[in-house]
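**Q** Next up is a structure, given as structure tokens.
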Amino acid sequence: MNTLQVGDKVPDFSAKDQDGNTIKLSDYSGKKLIVFFYPKASTPGCTAEACNLRDNYQELQEQGFELLGVSADSEKRQGNFKKKYGFPFPLLADEDRSVINTFGVWGPKKFMGREYDGIHRKTFVIDENAIVTKVIDKVKTKDHAAQLLD
């Protein structure tokens with residue numbers, strides 16, 4: 001798993017959001033972007049994380065950030081997740097894992113003694129020139145915005 005690191009330039013990517021719109025990295029050119037990867041829509045940890053970002057969205061925006069959530073869920077699943085919790089940011093339905101692989105967040109995981117491949121919960125902060133300025137590996141799902149607003 002070759003994860004993007006601080007200082008790396010993010011290759012342009014595109015994927016469909018929950019409504020089937022194509023979203024590209026270049027859409028955010030000149031803006032600071034937070035891309036958060038989560039394993040599965042509507043699961044407890046992912047819900048806590050996304051709701052915490054939603055609740056602090058205005059503050060993140062005031063600091064110049066746009067947000068983008070990414071998982072390998074279908075558009076329908078992402079749409080339901082967004083609608084149910086009223087997220088003000090798009091969720092990418094990266095079913096072919098192209099964005100996930102661009103950032104290098106797919107790989108072996110352990111859960112309750114079982115090993116399997118999946119999405120690692122990681123968040124990347126990208127500057128106006130598509131350079132990674134921060135990588136958060138240990139995401140605190142209930143207090144994630146604080147990790148970004150430091």
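Naming works like this for the structure tokens: A, B, ... for the chains as they're shown, residue 1 at the start of each chain, ligands 1 onward in shown order.
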Please produce, as CSV, a per-residue contact table for segment 97-116 of chain A versus segment 39-50 of chain A (criterion: any atom at most 12 Å away, only C-alpha atoms considered), showing the nearest atom pair and its distance in Å to one decimal, sorted by chain then residue number.
**A**
```
residue,atom,partner,partner_atom,distance
A:Arg97,CA,A:Pro39,CA,11.7
A:Ile100,CA,A:Pro39,CA,10.5
A:Val105,CA,A:Pro39,CA,10.0
A:Trp106,CA,A:Pro39,CA,9.6
A:Gly107,CA,A:Pro39,CA,11.4
A:Lys109,CA,A:Pro39,CA,10.8
```
**Q** As a PyMOL selection string, please: every residue in chain A that a backbone DSSP assignment puts in helix (DSSP H, G or I).
**A** chain A and resi 25-28+44-55+57-62+75-85+98-103+141-149
**Q** Taking only C-alpha atoms into account, which of A:Asp150, A:Glu75, A:Glu59, A:Asp94 comes nearest Phe13 of chain A?
**A**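 Among the listed residues, the smallest separation from Phe13 of chain A belongs to A:Asp94.
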**Q** Give the answer as one residue: which of A:Phe36, A:Ser74, A:Pro88, A:Ile126 has the shortest atom-to-atom distance to Val139 of chain A, using only C-alpha atoms?
**A** A:Phe36
**Q** Go through A:Asp143, A:Tyr116, A:Asp27, A:Leu91 one by one, measure the shortest atom-to-atom distance of each to Gly79 of chain A using only C-alpha atoms, and give the residue with the smallest value.
**A**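 The closest residue to Gly79 of chain A is A:Leu91.
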**Q** Enumerate as a PyMOL selection string all residues of segment 52-89 of chain A assigned to strand (DSSP E or B) by DSSP on the backbone, naming them with the chain letters and numbers the document uses.
**A** chain A and resi 65-71
**Q** Limited to C-alpha atoms, could you put the picked residues into a file as an mmCIF file, in the first residue's frame?
**A**
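Final file, again01.cif:
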```
data_model
loop_
_atom_site.group_PDB
_atom_site.id
_atom_site.type_symbol
_atom_site.label_atom_id
_atom_site.label_comp_id
_atom_site.auth_asym_id
_atom_site.auth_seq_id
_atom_site.Cartn_x
_atom_site.Cartn_y
_atom_site.Cartn_z
ATOM 1 C CA PHE A 65 -11.690 24.178 3.534
ATOM 2 C CA GLU A 66 -13.901 22.190 1.197
ATOM 3 C CA LEU A 67 -14.756 18.609 2.163
ATOM 4 C CA LEU A 68 -15.084 15.389 0.241
ATOM 5 C CA GLY A 69 -15.989 12.007 1.754
ATOM 6 C CA VAL A 70 -14.940 8.828 -0.057
ATOM 7 C CA SER A 71 -15.780 5.143 0.305
#
```
**Q** With distances taken over only C-alpha atoms, which of A:Gly30, A:Ala72, A:Lys24, A:Gln18 is nearest to Ile131 of chain A?
**A**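 Among the listed residues, A:Gly30 lies closest to Ile131 of chain A.
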**Q** I'd like the contact shell of Cys51 of chain A - 10 Å cut-off, only C-alpha atoms, skipping same-chain residues fewer than 6 positions apart - returned as a list in words.
**A**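 So the residues in contact are Gly45, Tyr57, Lys82, Tyr85, Gly86, Phe87, Thr141, Lys142, Asp143, His144 and Ala145 of chain A.
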**Q** Which distance in Å separates atom CA of Arg121 of chain A and atom CA of Asn56 of chain A, to one decimal?
**A**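 Atom CA of Asn56 of chain A lies 18.9 Å from atom CA of Arg121 of chain A.
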**Q** Rounded to one decimal, what separation in Å do you get between atom CA of Leu149 of chain A and atom CA of Phe124 of chain A?
**A**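 Separating atom CA of Leu149 of chain A from atom CA of Phe124 of chain A is a distance of 13.0 Å.
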**Q** Closest to Asn101 of chain A among A:Lys134, A:Lys16, A:Phe37, A:Asn80, using only C-alpha atoms?
**A**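 Checking each candidate against Asn101 of chain A, we get A:Phe37 as the closest.
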**Q** Could you jot down the atom CA of Pro11 of chain A to atom CA of Leu25 of chain A separation for me, Å, one decimal place?
**A**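 According to the coordinates, atom CA of Pro11 of chain A and atom CA of Leu25 of chain A are separated by 8.1 Å.
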**Q** Write out as a PDB file with C-alpha atoms, in the first residue's frame which residues come within 7 Å of segment 4-9 of chain A when counting only C-alpha atoms, dropping same-chain ones fewer than 5 positions away.
**A**
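In the end it all went to part.pdb:
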```pdb
ATOM      1  CA  PHE A 103      -4.395   7.895  -2.239  1.00  0.00           C
ATOM      2  CA  GLY A 104      -3.234   4.402  -1.283  1.00  0.00           C
ATOM      3  CA  ALA A 130      -2.988  19.832  -4.823  1.00  0.00           C
ATOM      4  CA  ILE A 131      -0.101  19.173  -2.411  1.00  0.00           C
ATOM      5  CA  VAL A 132      -0.754  17.043   0.673  1.00  0.00           C
ATOM      6  CA  THR A 133      -0.149  19.203   3.772  1.00  0.00           C
ATOM      7  CA  LYS A 134      -1.433  16.819   6.448  1.00  0.00           C
ATOM      8  CA  VAL A 135      -2.301  13.137   6.787  1.00  0.00           C
TER       9      VAL A 135
END
```
